[in-house]
>>> print(open('final_12.cif').read())   # mmCIF, C-alpha atoms
data_upload
#
loop_
_atom_site.label_atom_id
_atom_site.label_comp_id
_atom_site.auth_asym_id
_atom_site.auth_seq_id
_atom_site.Cartn_x
_atom_site.Cartn_y
_atom_site.Cartn_z
CA MET A 73 -28.71 135.80 129.37
CA THR A 74 -32.36 134.72 129.71
CA THR A 75 -34.07 136.03 132.79
CA GLU A 76 -36.96 134.38 134.61
CA THR A 77 -39.32 137.04 133.29
CA ASP A 78 -38.24 136.32 129.73
CA SER A 79 -38.77 132.61 130.31
CA LEU A 80 -42.26 133.12 131.72
CA LEU A 81 -43.17 135.44 128.86
CA HIS A 82 -41.95 132.93 126.34
CA ARG A 83 -43.98 130.12 127.97
CA SER A 84 -47.13 132.25 128.27
CA ILE A 85 -47.39 132.95 124.54
CA SER A 86 -48.56 129.93 122.59
CA PRO A 87 -47.39 129.42 119.00
CA ALA A 88 -50.94 130.05 117.74
CA ALA A 89 -51.12 133.39 119.57
CA ALA A 90 -47.63 134.40 118.51
CA ALA A 91 -48.24 133.73 114.81
CA PRO A 92 -51.96 133.50 114.00
CA MET A 93 -51.28 134.07 110.30
CA ASP A 94 -49.35 130.80 110.09
CA SER A 95 -52.63 128.94 109.62
CA ASP A 96 -53.67 128.77 105.96
CA ASP A 97 -57.31 128.20 106.96
CA MET A 98 -57.38 131.35 109.09
CA LEU A 99 -55.62 133.38 106.44
CA ARG A 100 -58.13 132.22 103.80
CA GLU A 101 -61.00 133.45 105.96
CA ILE A 102 -59.30 136.82 106.30
CA LEU A 103 -58.57 137.11 102.57
CA LEU A 104 -62.15 136.06 101.80
CA ARG A 105 -63.28 139.35 103.35
CA LEU A 106 -61.17 141.59 101.14
CA PRO A 107 -63.25 144.19 99.27
CA PRO A 108 -64.72 142.62 96.09
CA LEU A 109 -63.08 145.19 93.82
CA PRO A 110 -61.22 144.00 90.69
CA ALA A 111 -57.84 145.26 92.01
CA SER A 112 -58.17 143.71 95.49
CA LEU A 113 -56.85 140.19 94.82
CA PRO A 114 -54.06 141.20 92.38
CA ARG A 115 -52.76 143.71 94.91
CA ALA A 116 -52.95 141.25 97.80
CA SER A 117 -51.17 138.57 95.77
CA LEU A 118 -48.10 140.82 95.61
CA VAL A 119 -47.53 140.51 99.36
CA CYS A 120 -45.73 137.16 99.14
CA LYS A 121 -45.70 133.81 97.36
CA ARG A 122 -47.88 132.22 100.02
CA TRP A 123 -50.63 134.79 99.59
CA ARG A 124 -50.41 134.45 95.82
CA ARG A 125 -50.79 130.67 96.11
CA LEU A 126 -53.88 130.97 98.30
CA LEU A 127 -55.48 133.71 96.21
CA SER A 128 -55.05 131.82 92.93
CA ASN A 129 -56.64 128.62 94.22
CA PRO A 130 -59.82 127.87 92.17
CA VAL A 131 -61.82 126.86 95.26
CA PHE A 132 -60.91 130.11 97.00
CA LEU A 133 -61.88 132.12 93.90
CA ARG A 134 -65.25 130.38 93.79
CA ARG A 135 -65.84 131.08 97.50
CA PHE A 136 -64.76 134.70 97.05
CA ARG A 137 -67.18 135.27 94.18
CA ILE A 138 -70.16 133.57 95.86
CA HIS A 139 -69.46 135.28 99.20
CA HIS A 140 -69.62 138.75 97.66
CA HIS A 141 -72.16 138.11 94.89
CA ARG A 142 -74.84 137.62 97.53
CA ARG A 143 -73.72 140.55 99.66
CA ASN A 144 -72.09 143.47 97.90
CA PRO A 145 -71.02 142.89 94.28
CA PRO A 146 -69.57 146.07 92.75
CA LEU A 147 -71.12 147.68 89.70
CA LEU A 148 -68.53 146.95 87.02
CA GLY A 149 -70.45 148.54 84.15
CA PHE A 150 -73.31 147.65 81.84
CA PHE A 151 -74.10 145.75 78.66
CA ASP A 152 -75.54 147.62 75.69
CA GLY A 153 -78.84 145.94 74.87
CA HIS A 154 -78.33 146.24 71.09
CA SER A 155 -74.62 145.71 70.49
CA ARG A 156 -74.23 143.42 73.55
CA SER A 157 -70.90 145.15 74.18
CA PHE A 158 -69.68 145.85 77.69
CA GLN A 159 -69.19 149.43 78.85
CA PRO A 160 -67.08 149.81 82.05
CA THR A 161 -68.05 152.42 84.64
CA MET A 162 -65.41 152.04 87.37
CA GLU A 163 -62.25 154.12 87.65
CA THR A 164 -58.64 152.92 87.49
CA PRO A 165 -57.30 150.59 88.94
CA ASP A 166 -60.66 148.78 89.12
CA ARG A 167 -61.77 149.63 85.59
CA ILE A 168 -62.33 146.51 83.47
CA PRO A 169 -61.31 146.78 79.78
CA PRO A 170 -64.37 146.25 77.53
CA ASN A 171 -62.76 143.36 75.63
CA CYS A 172 -62.48 141.33 78.86
CA PHE A 173 -66.21 140.63 78.66
CA SER A 174 -66.61 139.85 74.97
CA LEU A 175 -69.64 137.52 74.82
CA GLN A 176 -68.93 136.37 71.23
CA LEU A 177 -72.56 135.61 70.38
CA ASN A 178 -73.61 134.78 66.84
CA GLY A 179 -77.23 135.31 65.85
CA ARG A 180 -80.13 137.27 67.24
CA PHE A 181 -80.17 137.30 71.00
CA LEU A 182 -82.50 139.30 73.23
CA ASN A 183 -80.91 140.40 76.50
CA LEU A 184 -83.30 139.59 79.35
CA GLY A 185 -81.20 140.77 82.29
CA CYS A 186 -78.16 140.40 84.55
CA ARG A 187 -77.84 139.25 88.15
CA HIS A 188 -75.21 137.66 90.43
CA GLY A 189 -72.58 138.03 87.71
CA LEU A 190 -74.64 136.14 85.12
CA VAL A 191 -76.28 137.41 81.91
CA LEU A 192 -79.44 135.87 80.41
CA PHE A 193 -80.32 135.93 76.70
CA LEU A 194 -83.26 134.60 74.71
CA ASP A 195 -82.45 132.91 71.39
CA ALA A 196 -85.86 133.00 69.71
CA TRP A 197 -84.68 131.18 66.58
CA ARG A 198 -83.53 128.10 68.48
CA ARG A 199 -86.17 128.51 71.23
CA GLN A 200 -83.50 128.50 73.88
CA VAL A 201 -82.21 130.70 76.65
CA LEU A 202 -78.50 131.27 77.08
CA VAL A 203 -76.83 131.84 80.47
CA CYS A 204 -73.43 133.52 80.26
CA ASP A 205 -70.80 134.24 82.88
CA PRO A 206 -68.72 137.02 81.26
CA VAL A 207 -65.99 136.67 83.90
CA THR A 208 -65.32 132.99 83.16
CA SER A 209 -66.53 133.03 79.50
CA ASP A 210 -68.75 130.10 80.44
CA GLN A 211 -72.06 129.58 78.59
CA HIS A 212 -75.03 127.29 79.08
CA ARG A 213 -77.91 126.75 76.62
CA ILE A 214 -81.34 125.65 77.91
CA ASP A 215 -84.38 124.74 75.82
CA VAL A 216 -87.52 126.80 76.52
CA PRO A 217 -89.98 124.59 78.49
CA SER A 218 -92.92 123.02 76.67
CA GLY A 219 -95.39 124.97 78.80
CA LEU A 220 -94.00 128.19 77.32
CA GLU A 221 -93.28 126.89 73.82
CA ASP A 222 -94.83 129.96 72.21
CA ALA A 223 -92.94 132.32 74.51
CA THR A 224 -90.55 133.22 71.72
CA LYS A 225 -93.45 134.58 69.64
CA THR A 226 -94.80 136.91 72.31
CA ILE A 227 -93.35 139.27 74.87
CA VAL A 228 -91.49 137.29 77.51
CA ASN A 229 -89.43 138.36 80.50
CA GLY A 230 -86.71 136.31 82.10
CA GLU A 231 -84.34 136.43 85.03
CA VAL A 232 -81.25 134.55 86.17
CA LEU A 233 -79.92 134.23 89.72
CA LEU A 234 -77.57 132.09 91.77
CA ALA A 235 -79.33 129.32 93.66
CA PRO A 236 -79.29 129.45 97.48
CA GLY A 237 -76.49 127.47 99.11
CA PRO A 238 -72.72 127.25 98.77
CA GLY A 239 -72.65 125.39 95.45
CA ASP A 240 -70.41 122.41 94.81
CA ALA A 241 -67.14 122.98 96.66
CA THR A 242 -65.55 119.84 95.22
CA GLN A 243 -66.32 120.53 91.57
CA CYS A 244 -66.12 124.30 91.99
CA CYS A 245 -69.53 124.84 90.37
CA LEU A 246 -72.14 127.54 90.74
CA HIS A 247 -75.76 126.38 90.72
CA PHE A 248 -78.23 128.84 89.23
CA HIS A 249 -81.91 129.34 88.45
CA VAL A 250 -83.53 130.71 85.30
CA VAL A 251 -87.04 132.16 85.43
CA LEU A 252 -89.27 132.81 82.41
CA VAL A 253 -92.54 134.71 82.78
CA LYS A 254 -95.14 135.89 80.27
CA VAL A 255 -98.79 136.95 79.96
CA VAL A 256 -101.29 135.02 77.86
CA VAL A 257 -104.79 136.09 76.83
CA ALA A 258 -107.70 133.65 76.45
CA HIS A 259 -111.01 134.81 74.95
CA ASN A 260 -114.20 133.39 76.47
CA ASN A 261 -117.69 134.73 75.72
CA ASN A 262 -116.22 137.89 74.20
CA TYR A 263 -114.24 138.52 77.39
CA ALA A 264 -110.47 138.47 77.50
CA HIS A 265 -109.00 136.59 80.44
CA ARG A 266 -105.40 137.46 81.18
CA GLN A 267 -103.10 135.05 82.94
CA ALA A 268 -99.48 135.23 84.05
CA LEU A 269 -97.35 132.13 83.49
CA ALA A 270 -93.94 131.43 85.02
CA CYS A 271 -91.50 128.53 85.04
CA VAL A 272 -88.25 128.02 86.97
CA TYR A 273 -85.19 126.07 85.79
CA SER A 274 -82.63 124.60 88.19
CA SER A 275 -79.10 123.83 87.02
CA GLN A 276 -78.77 121.40 89.93
CA THR A 277 -81.58 119.15 88.61
CA ARG A 278 -81.07 120.22 84.99
CA ALA A 279 -84.83 120.48 84.59
CA TRP A 280 -87.68 122.98 84.48
CA GLY A 281 -90.30 122.92 87.20
CA ASP A 282 -94.04 122.99 86.66
CA VAL A 283 -95.61 126.00 84.97
CA ILE A 284 -97.03 128.39 87.60
CA SER A 285 -100.07 130.50 86.72
CA ALA A 286 -102.18 133.27 88.24
CA PRO A 287 -105.02 135.44 86.90
CA LEU A 288 -104.30 139.08 86.14
CA PRO A 289 -106.57 142.09 86.50
CA PRO A 290 -108.28 143.15 83.24
CA SER A 291 -106.02 144.72 80.62
CA LYS A 292 -102.86 144.37 82.74
CA ASN A 293 -99.72 143.69 80.70
CA LEU A 294 -96.21 142.69 81.68
CA MET A 295 -93.80 145.54 81.05
CA VAL A 296 -90.57 144.78 79.21
CA LYS A 297 -88.31 145.69 82.14
CA PRO A 298 -86.03 143.56 84.31
CA ALA A 299 -87.41 142.30 87.61
CA VAL A 300 -86.03 143.15 91.04
CA LEU A 301 -85.02 140.43 93.51
CA ILE A 302 -86.21 141.13 97.07
CA GLY A 303 -85.66 138.30 99.52
CA ASN A 304 -86.91 135.11 97.85
CA SER A 305 -89.24 136.91 95.42
CA LEU A 306 -88.96 138.52 91.99
CA TYR A 307 -91.06 141.57 91.12
CA TRP A 308 -92.06 142.87 87.67
CA MET A 309 -94.01 146.00 86.72
CA LEU A 310 -97.52 145.61 85.29
CA ALA A 311 -99.27 148.37 83.38
CA ALA A 312 -102.66 148.82 81.73
CA ASP A 313 -103.25 152.49 80.91
CA GLN A 314 -101.84 155.78 82.04
CA ASN A 315 -103.66 155.64 85.37
CA SER A 316 -103.28 151.98 86.30
CA ILE A 317 -100.12 150.14 87.27
CA GLY A 318 -99.39 147.05 89.32
CA ILE A 319 -96.69 144.58 90.34
CA LEU A 320 -96.36 140.87 89.59
CA GLU A 321 -94.65 138.84 92.34
CA LEU A 322 -93.11 135.39 91.96
CA ASP A 323 -92.28 133.75 95.29
CA LEU A 324 -89.43 131.38 94.46
CA GLU A 325 -89.65 129.50 97.74
CA ARG A 326 -93.40 128.86 97.64
CA GLN A 327 -93.51 128.67 93.83
CA GLY A 328 -96.49 131.00 93.56
CA LEU A 329 -97.56 134.08 91.58
CA ALA A 330 -99.56 137.02 92.87
CA THR A 331 -100.39 140.58 91.84
CA ILE A 332 -100.00 143.72 93.93
CA GLU A 333 -102.20 146.68 93.04
CA VAL A 334 -100.68 150.15 93.14
CA PRO A 335 -103.54 152.56 93.92
CA ALA A 336 -103.81 156.34 93.88
CA PRO A 337 -102.08 158.67 94.57
CA VAL A 338 -99.25 156.73 92.94
CA GLY A 339 -101.36 155.93 89.88
CA ARG A 340 -102.05 159.60 89.23
CA PHE A 341 -98.35 160.14 88.58
CA ALA A 342 -98.63 157.65 85.70
CA SER A 343 -100.95 160.07 83.86
CA ARG A 344 -98.11 162.58 83.48
CA LYS A 345 -96.47 162.92 80.11
CA ASN A 346 -93.84 160.25 79.49
CA CYS A 347 -93.90 159.01 83.10
CA GLU A 348 -92.53 155.52 83.76
CA PHE A 349 -92.30 153.26 86.81
CA TRP A 350 -89.70 150.76 88.00
CA VAL A 351 -89.78 148.41 90.98
CA MET A 352 -86.88 148.87 93.38
CA ARG A 353 -85.56 147.26 96.57
CA ARG A 354 -85.50 149.60 99.53
CA LYS A 355 -82.62 149.67 102.02
CA SER A 356 -84.95 148.10 104.59
CA GLY A 357 -85.55 145.16 102.22
CA GLY A 358 -89.11 146.17 101.33
CA ILE A 359 -90.70 146.97 97.99
CA GLY A 360 -90.28 150.43 96.54
CA LEU A 361 -91.11 152.24 93.34
CA ILE A 362 -89.28 154.73 91.17
CA SER A 363 -91.32 157.08 88.99
CA VAL A 364 -89.49 159.07 86.33
CA SER A 365 -91.36 162.04 84.89
CA GLU A 366 -90.05 163.78 81.80
CA ALA A 367 -92.60 166.59 82.14
CA ASP A 368 -90.95 168.06 85.24
CA PHE A 369 -87.59 166.26 84.96
CA ARG A 370 -88.17 164.61 88.31
CA VAL A 371 -87.49 161.22 89.89
CA GLN A 372 -89.85 160.30 92.71
CA LEU A 373 -89.19 157.40 95.11
CA TRP A 374 -92.11 155.58 96.77
CA LYS A 375 -92.17 153.51 99.97
CA SER A 376 -94.57 150.64 100.63
CA LYS A 377 -95.90 149.13 103.82
CA ARG A 378 -96.66 145.42 103.59
CA LYS A 379 -99.65 143.85 105.28
CA ARG A 380 -100.15 140.24 106.36
CA LYS A 381 -103.55 138.65 106.00
CA THR A 382 -104.65 136.08 108.55
CA GLY A 383 -105.15 132.73 106.85
CA CYS A 384 -103.87 134.00 103.50
CA THR A 385 -102.70 131.13 101.28
CA GLY A 386 -101.24 133.24 98.49
CA PRO A 387 -97.52 133.32 97.81
CA CYS A 388 -97.19 136.85 99.14
CA GLY A 389 -98.89 136.18 102.43
CA GLY A 390 -100.61 139.54 102.01
CA GLY A 391 -100.25 142.67 99.93
CA VAL A 392 -99.29 146.32 100.23
CA ASP A 393 -101.21 148.32 102.78
CA SER A 394 -100.13 151.77 101.60
CA TRP A 395 -97.69 153.73 99.47
CA LYS A 396 -96.02 156.92 100.59
CA PRO A 397 -93.74 159.28 98.66
CA GLY A 398 -90.09 159.22 99.63
CA ARG A 399 -87.20 161.26 98.27
CA THR A 400 -87.81 163.59 95.32
CA ILE A 401 -84.88 164.18 92.96
CA GLN A 402 -84.92 167.18 90.64
CA VAL A 403 -82.71 165.72 87.96
CA ASP A 404 -81.92 168.88 86.00
CA LYS A 405 -80.65 170.63 89.14
CA LEU A 406 -78.71 167.58 90.33
CA LEU A 407 -76.96 167.06 87.00
CA GLN A 408 -76.62 170.83 86.42
CA LEU A 409 -78.25 170.66 82.99
CA ASN A 410 -79.02 173.77 80.97
CA SER A 411 -82.33 174.33 79.18
CA GLU A 412 -81.07 172.80 75.92
CA GLU A 413 -80.16 169.55 77.73
CA LYS A 414 -83.62 168.99 79.24
CA GLY A 415 -85.31 167.53 76.17
CA ASN A 416 -85.55 163.89 77.25
CA LEU A 417 -85.44 161.95 80.50
CA THR A 418 -85.58 158.15 80.45
CA MET A 419 -84.52 155.54 82.95
CA LEU A 420 -82.62 152.77 81.17
CA GLY A 421 -81.49 150.55 84.02
CA LEU A 422 -81.31 149.83 87.74
CA ALA A 423 -78.39 148.23 89.59
CA GLU A 424 -80.40 146.68 92.43
CA ASN A 425 -77.50 145.87 94.78
CA ASN A 426 -75.77 149.24 94.45
CA ASN A 427 -79.03 151.25 94.29
CA VAL A 428 -77.85 153.05 91.16
CA VAL A 429 -80.12 154.20 88.32
CA PHE A 430 -79.05 154.90 84.74
CA LEU A 431 -80.75 158.02 83.37
CA TRP A 432 -80.61 159.06 79.72
CA THR A 433 -80.79 162.75 78.85
CA VAL A 434 -79.88 164.80 75.80
CA ALA A 435 -76.55 165.43 77.52
CA GLY A 436 -75.78 161.69 77.71
CA LEU A 437 -76.15 158.73 80.05
CA PHE A 438 -75.70 159.35 83.79
CA MET A 439 -75.36 157.06 86.80
CA VAL A 440 -77.06 158.34 89.96
CA GLN A 441 -76.64 156.70 93.37
CA LEU A 442 -80.03 157.08 95.04
CA ASP A 443 -78.73 157.17 98.63
CA THR A 444 -75.90 159.67 98.27
CA LEU A 445 -77.08 161.37 95.02
CA GLN A 446 -73.54 161.10 93.69
CA PHE A 447 -73.63 161.02 89.90
CA LYS A 448 -71.34 160.37 87.00
CA LYS A 449 -71.62 160.76 83.24
CA VAL A 450 -70.69 157.43 81.68
CA PHE A 451 -71.76 157.61 78.06
CA GLY A 452 -71.99 160.51 75.63
CA THR A 453 -73.61 158.92 72.58
CA ASN A 454 -77.10 157.56 71.96
CA ILE A 455 -78.10 154.36 73.72
CA SER A 456 -81.59 152.93 74.26
CA GLU A 457 -81.02 149.86 76.45
CA CYS A 458 -78.49 149.16 79.18
CA TYR A 459 -78.23 146.22 81.56
CA PRO A 460 -76.17 146.99 84.69
CA PHE A 461 -73.60 144.30 85.42
CA GLU A 462 -72.88 143.77 89.13
CA SER A 463 -70.27 141.09 89.56
CA VAL A 464 -67.08 140.03 91.32
CA TYR A 465 -64.21 140.03 88.83
CA THR A 466 -61.31 137.73 89.65
CA THR A 467 -58.53 137.40 87.10
CA GLY A 468 -58.10 133.72 87.94
CA ALA A 469 -61.77 132.87 87.69
CA LYS A 470 -61.47 130.79 84.53
CA ASN A 471 -61.41 127.71 86.76
CA CYS A 472 -64.65 128.67 88.51
CA VAL A 473 -67.44 127.64 86.14
CA LEU A 474 -71.18 127.33 86.05
CA ASP A 475 -72.75 123.97 86.84
CA GLN A 476 -73.50 122.70 83.35
CA GLU A 477 -73.16 119.96 80.80
CA LYS A 478 -70.47 120.81 78.30
CA ASP A 479 -71.96 121.43 74.86
#
>>> encode(input="final_12.cif", output="structure tokens")
Amino acid sequence: MTTETDSLLHRSISPAAAAPMDSDDMLREILLRLPPLPASLPRASLVCKRWRRLLSNPVFLRRFRIHHHRRNPPLLGFFDGHSRSFQPTMETPDRIPPNCFSLQLNGRFLNLGCRHGLVLFLDAWRRQVLVCDPVTSDQHRIDVPSGLEDATKTIVNGEVLLAPGPGDATQCCLHFHVVLVKVVVAHNNNYAHRQALACVYSSQTRAWGDVISAPLPPSKNLMVKPAVLIGNSLYWMLAADQNSIGILELDLERQGLATIEVPAPVGRFASRKNCEFWVMRRKSGGIGLISVSEADFRVQLWKSKRKRKTGCTGPCGGGVDSWKPGRTIQVDKLLQLNSEEKGNLTMLGLAENNNVVFLWTVAGLFMVQLDTLQFKKVFGTNISECYPFESVYTTGAKNCVLDQEKD
């Protein structure tokens, strides 16, 4: 028999409050926030047929990948710069088999970098760049712009990144940008003038923008290392001699180039034997540096303080006011290396979203998380180039493709 209290309780609870998971829209928003680990969606799809239907929808997969690519993509592994093969670094059940990311490239391709789940190659023979999405097996060829037509004959750096915005929800496409940058030297009155050139491609317009240029300090060269994305800007290392380093900044929003000088005492570290520098993104979102010194087997982090100049019209809106040393990592003690394993120390890669560096020693290749100092040996044989691959792997992502014209 139903009492009055039961009747009131029944009337006070609305259907929406009693069963909030009955709404597919609400459930999608909840599932969208699952951890972006490879095993997350397959495990969740086992709950019931309804969840499996929602999780396998191509539009949901696209939203899931974009949502996490711009926030917290996991470090799935890295690509070997020479063999172009994928080497997984995660543990079971999130470990991706190497053959899942077979790029199947024929010819000579130079790996320029990885970002937002995309890999960028330079095909010097055809004077093209190739954008690959290893998760979807999608590829997109783009001719090198006329303003950089000789880029394939000289040292050139390039970057790929997802364009701001949600992409095309109807067509389930991901818009992206490609950036090419190089240094040219012009001789005038026996004086060499150095200039940085950059050009940005948009998959949404299917066209390259205008070539951007900026003068460089004397003898500064662009180092063959991937850039770091901080906010709306890309940063590359510049180097001249053992005591002089700098940073090249490309502001993607303002479409401008600028240089940032790195003065002493940071420059004095560059005079050490086999010392190298990398740009990094600090947890606060500012610019940082990593110096790796083989002489004392040490990694030194540097913090910068930006300054804003009144009336400055440059793309940076200012420069760097000062550099201060941050954490010092004694690598041999951290990795517990013996004296025979301390012959070489080289930094081969940086996973900018996970703040993980790849360090090569005689003992093998190690991953070191710079915040927690947790480390892991991932490769035991010789390797000279590695490109960390941070991406969101979804087994049903074959329907979520790059915005491109089919070849």
>>> closest_residue(input="final_12.cif", among="A:Ala196, A:Ile102, A:Leu437, A:Leu361", to="Met309 in chain A", atoms="only C-alpha atoms")
A:Leu361
>>> resolve_selection(input="final_12.cif", expression="the PyMOL selection byres ((chain A and resi 162-164) around 8)", output="compact mmCIF listing (two decimals) with C-alpha atoms, keeping the file's coordinate frame")
# COMPACT_ATOMS: atom_id res chain seq x y z
CA LEU A 147 -71.12 147.68 89.70
CA LEU A 148 -68.53 146.95 87.02
CA GLY A 149 -70.45 148.54 84.15
CA PRO A 160 -67.08 149.81 82.05
CA THR A 161 -68.05 152.42 84.64
CA PRO A 165 -57.30 150.59 88.94
CA ASP A 166 -60.66 148.78 89.12
CA ARG A 167 -61.77 149.63 85.59
CA ILE A 168 -62.33 146.51 83.47
>>> residues_around(input="final_12.cif", residues="range 104-117 of chain A", least_positions_apart="4", cutoff="10 Å", atoms="only C-alpha atoms", output="PyMOL selection string")
chain A and resi 98-100+121-128+132-133+135-137+139-141+143-148+162+164-168+463-468
>>> resolve_selection(input="final_12.cif", expression="the PyMOL selection byres ((chain A and resi 177) around 12)", output="ChimeraX atom specification")
/A:155-157,173-176,178-183,193-195,202-204,206,209,211
>>> closest_residue(input="final_12.cif", among="A:Leu417, A:Ala270, A:Val434, A:Val403", to="Phe451 in chain A", atoms="all atoms listed in the file")
A:Val434
>>> atom_distance(input="final_12.cif", atom1="CA of Lys396 in chain A", atom2="CA of Leu373 in chain A")
8.8 Å
>>> closest_residue(input="final_12.cif", among="A:Phe369, A:Asn426, A:Ala311, A:Ile284", to="Gln441 in chain A", atoms="all atoms listed in the file")
A:Asn426
>>> closest_residue(input="final_12.cif", among="A:Val232, A:Met352, A:Leu445, A:Ile401", to="Val371 in chain A", atoms="only C-alpha atoms")
A:Ile401
>>> atom_distance(input="final_12.cif", atom1="CA of Cys186 in chain A", atom2="CA of Pro460 in chain A")
6.9 Å
>>> closest_residue(input="final_12.cif", among="A:Cys458, A:Leu422, A:Val131, A:Ile302", to="Ser356 in chain A", atoms="all atoms listed in the file")
A:Ile302
>>> atom_distance(input="final_12.cif", atom1="CA of Ser456 in chain A", atom2="CA of Asp152 in chain A")
8.2 Å
>>> closest_residue(input="final_12.cif", among="A:Val191, A:Leu103, A:Leu269, A:Leu442", to="Val428 in chain A", atoms="all atoms listed in the file")
A:Leu442
>>> residues_around(input="final_12.cif", residues="Leu234 in chain A", least_positions_apart="4", cutoff="8 Å", atoms="all atoms listed in the file", output="PyMOL selection string")
chain A and resi 188+246-249
